[in-house]
file model.cif (mmCIF, C-alpha atoms)
data_final
loop_
_atom_site.label_atom_id
_atom_site.label_comp_id
_atom_site.auth_asym_id
_atom_site.auth_seq_id
_atom_site.Cartn_x
_atom_site.Cartn_y
_atom_site.Cartn_z
CA MET A 35 6.72 -10.83 44.42
CA VAL A 36 7.55 -14.28 43.03
CA PHE A 37 5.37 -15.84 45.74
CA LEU A 38 2.42 -13.63 44.73
CA ALA A 39 2.86 -14.54 41.06
CA SER A 40 3.08 -18.27 41.84
CA THR A 41 0.03 -18.08 44.10
CA TRP A 42 -1.87 -16.21 41.39
CA TRP A 43 -0.90 -18.87 38.83
CA ILE A 44 -1.75 -21.83 41.09
CA GLU A 45 -5.19 -20.45 41.98
CA MET A 46 -6.06 -19.84 38.33
CA ALA A 47 -8.47 -22.18 36.51
CA THR A 48 -7.03 -24.43 33.78
CA PHE A 49 -8.93 -22.68 30.98
CA GLU A 50 -7.63 -19.29 32.12
CA LYS A 51 -4.06 -20.67 32.24
CA ILE A 52 -4.45 -21.91 28.65
CA ASN A 53 -5.58 -18.44 27.55
CA TRP A 54 -2.60 -16.80 29.28
CA LEU A 55 -0.24 -19.36 27.71
CA ILE A 56 -1.65 -18.44 24.29
CA ALA A 57 -1.91 -14.66 24.81
CA LEU A 58 1.57 -13.88 26.18
CA PRO A 59 3.88 -15.59 23.66
CA PHE A 60 1.72 -14.63 20.68
CA SER A 61 1.57 -11.02 21.90
CA ALA A 62 5.37 -11.00 22.06
CA LEU A 63 5.55 -12.43 18.52
CA PHE A 64 2.99 -9.86 17.34
CA ILE A 65 5.03 -6.98 18.78
CA ILE A 66 8.26 -8.36 17.24
CA GLN A 67 6.45 -8.75 13.91
CA ILE A 68 5.28 -5.11 13.99
CA ILE A 69 8.76 -3.83 14.91
CA LEU A 70 10.36 -5.87 12.10
CA THR A 71 7.75 -4.71 9.59
CA PHE A 72 8.51 -1.05 10.32
CA THR A 73 12.31 -1.41 10.58
CA VAL A 74 13.25 -4.15 8.11
CA GLY A 75 10.24 -4.21 5.83
CA ASP A 76 7.84 -6.88 4.71
CA MET A 77 9.78 -9.90 3.42
CA ASP A 78 7.04 -12.56 3.24
CA ASP A 79 6.92 -12.69 -0.54
CA ALA A 80 10.58 -12.04 -1.30
CA THR A 81 11.81 -14.36 -4.04
CA ALA A 82 14.69 -14.29 -6.47
CA GLY A 83 14.93 -15.38 -10.06
CA GLY A 84 12.42 -15.59 -12.87
CA ASP A 85 11.59 -13.11 -15.58
CA VAL A 86 11.41 -9.76 -13.81
CA ASP A 87 9.92 -7.86 -16.77
CA SER A 88 7.18 -10.44 -17.14
CA SER A 89 6.43 -10.32 -13.42
CA ILE A 90 6.16 -6.53 -13.46
CA ASP A 91 4.02 -6.44 -16.60
CA HIS A 92 1.48 -8.85 -15.15
CA ASP A 93 1.55 -7.69 -11.51
CA LEU A 94 -1.99 -7.12 -10.32
CA GLY A 95 -1.12 -6.68 -6.65
CA ILE A 96 -1.41 -9.14 -3.81
CA ASP A 97 -4.15 -11.75 -3.83
CA PHE A 98 -6.42 -12.04 -0.79
CA GLN A 99 -4.32 -14.20 1.57
CA PHE A 100 -6.23 -15.35 4.64
CA LEU A 101 -3.91 -18.03 6.05
CA THR A 102 -0.51 -16.45 6.52
CA LEU A 103 1.94 -16.51 9.41
CA LYS A 104 1.16 -12.90 10.27
CA ASN A 105 -2.57 -13.55 10.30
CA LEU A 106 -2.20 -16.67 12.46
CA ILE A 107 -0.10 -14.75 15.00
CA ALA A 108 -2.77 -12.03 15.06
CA PHE A 109 -5.50 -14.67 15.45
CA PHE A 110 -3.91 -16.33 18.49
CA THR A 111 -3.02 -12.98 20.06
CA ILE A 112 -6.63 -11.79 19.91
CA PHE A 113 -7.96 -15.29 20.74
CA GLY A 114 -5.89 -15.44 23.95
CA TRP A 115 -6.71 -11.94 25.19
CA THR A 116 -10.41 -12.30 24.36
CA GLY A 117 -10.45 -15.59 26.27
CA ILE A 118 -8.92 -13.89 29.31
CA VAL A 119 -11.55 -11.15 29.15
CA CYS A 120 -14.35 -13.74 28.83
CA VAL A 121 -13.04 -15.66 31.86
CA ASP A 122 -12.91 -12.41 33.86
CA ALA A 123 -16.53 -11.76 32.82
CA ASN A 124 -17.45 -15.22 34.26
CA LEU A 125 -18.57 -16.61 30.90
CA GLY A 126 -18.55 -20.38 30.39
CA VAL A 127 -15.79 -22.23 28.55
CA GLY A 128 -17.92 -22.91 25.44
CA ILE A 129 -19.11 -19.32 24.98
CA SER A 130 -15.59 -18.02 25.73
CA VAL A 131 -14.07 -20.23 23.02
CA LEU A 132 -16.80 -19.17 20.57
CA ILE A 133 -16.32 -15.44 21.26
CA SER A 134 -12.51 -15.80 21.14
CA THR A 135 -12.68 -17.67 17.82
CA ILE A 136 -14.96 -15.03 16.30
CA ALA A 137 -12.68 -12.21 17.54
CA GLY A 138 -9.56 -13.96 16.21
CA THR A 139 -11.19 -14.68 12.84
CA LEU A 140 -12.33 -11.06 12.60
CA MET A 141 -8.74 -9.92 13.25
CA MET A 142 -7.43 -12.28 10.54
CA THR A 143 -10.01 -10.92 8.09
CA ILE A 144 -9.08 -7.32 8.89
CA MET A 145 -5.35 -8.00 8.43
CA ALA A 146 -5.87 -9.94 5.20
CA SER A 147 -8.10 -7.14 3.88
CA ILE A 148 -5.53 -4.48 4.75
CA MET A 149 -2.77 -6.39 2.94
CA TYR A 150 -5.06 -7.04 -0.04
CA PHE A 151 -6.07 -3.40 -0.48
CA MET A 152 -2.50 -2.16 0.12
CA GLY A 153 -1.39 -4.53 -2.65
CA LYS A 154 -3.91 -2.94 -5.00
CA LEU A 155 -2.30 0.47 -4.47
CA THR A 156 0.04 -0.03 -7.39
CA ASP A 157 0.81 2.34 -10.20
CA SER A 158 2.32 1.25 -13.49
CA GLY A 159 4.41 4.43 -13.67
CA THR A 160 3.81 4.66 -17.41
CA LEU A 161 3.05 8.20 -18.56
CA ASN A 162 -0.23 8.50 -20.43
CA MET A 163 0.47 11.48 -22.70
CA ASN A 164 -3.25 12.00 -23.36
CA ASN A 165 -3.61 13.15 -19.76
CA ALA A 166 -1.78 16.33 -20.82
CA ILE A 167 -4.44 17.41 -23.34
CA GLY A 168 -6.23 20.54 -22.18
CA LYS A 169 -3.62 21.44 -19.55
CA THR A 170 -1.81 24.76 -19.42
CA CYS A 171 1.95 24.70 -18.98
CA SER A 172 5.02 26.91 -19.32
CA VAL A 173 7.59 26.86 -22.10
CA TYR A 174 10.99 25.68 -20.92
CA LEU A 175 12.85 25.89 -24.26
CA THR A 176 11.59 28.07 -27.14
CA ILE A 177 9.21 26.23 -29.47
CA PRO A 178 9.88 26.99 -33.19
CA PRO A 179 6.87 28.04 -35.36
CA LYS A 180 4.94 25.84 -37.85
CA ARG A 181 6.24 22.56 -36.44
CA GLY A 182 9.74 23.62 -37.46
CA GLY A 183 11.41 21.83 -34.54
CA LEU A 184 11.07 20.75 -30.96
CA GLY A 185 10.90 22.90 -27.88
CA LYS A 186 10.23 21.83 -24.32
CA VAL A 187 7.47 22.55 -21.84
CA GLN A 188 7.18 21.92 -18.12
CA ILE A 189 3.85 20.41 -17.21
CA GLN A 190 2.10 18.86 -14.23
CA VAL A 191 0.86 15.51 -15.58
CA GLN A 192 1.32 12.39 -13.43
CA GLY A 193 3.96 14.42 -11.64
CA PHE A 194 5.99 17.42 -12.76
CA ARG A 195 7.64 16.70 -16.13
CA THR A 196 9.60 18.35 -18.91
CA LEU A 197 8.31 17.13 -22.29
CA ASP A 198 8.96 17.80 -25.98
CA ALA A 199 6.52 20.14 -27.72
CA MET A 200 5.68 21.56 -31.18
CA THR A 201 3.31 24.28 -32.31
CA ASP A 202 1.35 25.33 -35.41
CA ASN A 203 1.66 29.02 -34.42
CA ASP A 204 3.11 31.47 -36.95
CA GLU A 205 5.54 32.85 -34.36
CA PRO A 206 7.93 31.02 -32.01
CA ILE A 207 6.77 30.67 -28.43
CA LYS A 208 9.49 32.02 -26.16
CA THR A 209 10.77 30.53 -22.92
CA GLY A 210 8.48 31.42 -20.03
CA GLY A 211 5.35 31.72 -22.21
CA LEU A 212 2.14 29.93 -21.27
CA VAL A 213 0.74 27.37 -23.68
CA GLU A 214 -2.18 24.97 -23.81
CA VAL A 215 -1.79 21.36 -24.92
CA ILE A 216 -4.22 20.61 -27.78
CA ASP A 217 -2.99 17.22 -29.03
CA VAL A 218 -0.31 14.54 -28.76
CA LEU A 219 1.76 13.64 -31.84
CA ASN A 220 3.13 10.10 -32.24
CA ASN A 221 2.29 9.49 -28.57
CA GLU A 222 5.44 11.39 -27.54
CA ILE A 223 5.32 15.07 -28.61
CA LEU A 224 2.84 17.60 -27.27
CA LEU A 225 1.15 19.91 -29.79
CA VAL A 226 0.58 23.27 -28.09
CA ARG A 227 -0.79 26.72 -28.80
CA THR A 228 -0.41 30.02 -27.03
CA SER A 229 -2.65 30.07 -23.99
CA LYS A 230 -5.58 32.50 -24.15
#

call {"tool": "encode", "arguments": {"input": "model.cif", "output": "structure tokens"}}
result
Amino acid sequence: MVFLASTWWIEMATFEKINWLIALPFSALFIIQIILTFTVGDMDDATAGGDVDSSIDHDLGIDFQFLTLKNLIAFFTIFGWTGIVCVDANLGVGISVLISTIAGTLMMTIMASIMYFMGKLTDSGTLNMNNAIGKTCSVYLTIPPKRGGLGKVQIQVQGFRTLDAMTDNDEPIKTGGLVEVIDVLNNEILLVRTSK
């Protein structure tokens, strides 16, 4: 077996050997990188210190990062394997390098784009109370009449929530009743009426 492998290696052209020497170690690094990403997480941008509140307030996601370690590993992995395929297809050295470079650059662009668009999938987590207007919800705690006090409603707005509510109705709205949100008071209290 070792003799066959050494014969195979000796008979190989120099350009093909270079492609194998690029493809194998970078493929191993690529596989390790994928395993670590799924088990440990992505730690490229981990930093400590600074004003956390300021960082969160101004976070617009990840910028488009083309030259990163991950992208370079992906580039050389695809470059090496594409070179091997080109050699097997009996293409010349120049055209093989060109095709391999294009394939590697395309892989880097795809990976950078994926990371960029994943970084844009952020949500501030801040509840916009105006999103509740027009929604129907159920009364959780009785709402006193004529804005005489606070009750609570359970509503599906940016997730399932229990929020404070008031009403202008002449009668209290009992627990379990259905109401419609008609306004938001002081950006924190829902104004509701009995649902029709």

call {"tool": "resolve_selection", "arguments": {"input": "model.cif", "expression": "the PyMOL selection byres ((chain A and resi 59) around 12)", "output": "PyMOL selection string"}}
result
chain A and resi 52-58+60-66+107-108+110-112+114-115

call {"tool": "closest_residue", "arguments": {"input": "model.cif", "among": "A:Val218, A:Ile223, A:Met152, A:Gly210", "to": "A:Leu197", "atoms": "only C-alpha atoms"}}
result
A:Ile223

call {"tool": "atom_distance", "arguments": {"input": "model.cif", "atom1": "atom CA of A:Gly138", "atom2": "atom CA of A:Phe109"}}
result
4.2 Å

call {"tool": "resolve_selection", "arguments": {"input": "model.cif", "expression": "the PyMOL selection byres ((chain A and resi 192) around 10)", "output": "ChimeraX atom specification"}}
result
/A:159-163,165-166,189-191,193-195

call {"tool": "atom_distance", "arguments": {"input": "model.cif", "atom1": "atom CA of A:Asp198", "atom2": "atom CA of A:Leu225"}}
result
8.9 Å

call {"tool": "atom_distance", "arguments": {"input": "model.cif", "atom1": "atom CA of A:Gly126", "atom2": "atom CA of A:Asn105"}}
result
26.6 Å

call {"tool": "resolve_selection", "arguments": {"input": "model.cif", "expression": "the PyMOL selection byres ((chain A and resi 217) around 8)", "output": "MDAnalysis selection string"}}
result
chainID A and resid 164 167 215:216 218:219 224:226

call {"tool": "closest_residue", "arguments": {"input": "model.cif", "among": "A:Ile177, A:Ala146, A:Ile69, A:Ala123", "to": "A:Asn203", "atoms": "only C-alpha atoms"}}
result
A:Ile177

call {"tool": "closest_residue", "arguments": {"input": "model.cif", "among": "A:Glu214, A:Ile44, A:Gly168, A:Arg227", "to": "A:Arg181", "atoms": "only C-alpha atoms"}}
result
A:Arg227

call {"tool": "decode", "arguments": {"input": "model.cif", "residues": "stretch 108-119 of chain A", "atoms": "C-alpha atoms", "output": "mmCIF file, in the first residue's frame"}}
result
data_model
loop_
_atom_site.group_PDB
_atom_site.id
_atom_site.type_symbol
_atom_site.label_atom_id
_atom_site.label_comp_id
_atom_site.auth_asym_id
_atom_site.auth_seq_id
_atom_site.Cartn_x
_atom_site.Cartn_y
_atom_site.Cartn_z
ATOM 1 C CA ALA A 108 -11.930 28.397 2.079
ATOM 2 C CA PHE A 109 -10.074 30.016 -0.836
ATOM 3 C CA PHE A 110 -7.082 27.658 -0.650
ATOM 4 C CA THR A 111 -9.311 24.612 -0.108
ATOM 5 C CA ILE A 112 -11.292 25.322 -3.275
ATOM 6 C CA PHE A 113 -8.166 26.511 -5.132
ATOM 7 C CA GLY A 114 -6.357 23.218 -4.442
ATOM 8 C CA TRP A 115 -9.251 20.907 -5.329
ATOM 9 C CA THR A 116 -10.106 22.887 -8.467
ATOM 10 C CA GLY A 117 -6.459 22.680 -9.521
ATOM 11 C CA ILE A 118 -6.514 18.895 -9.086
ATOM 12 C CA VAL A 119 -9.668 18.658 -11.202
#
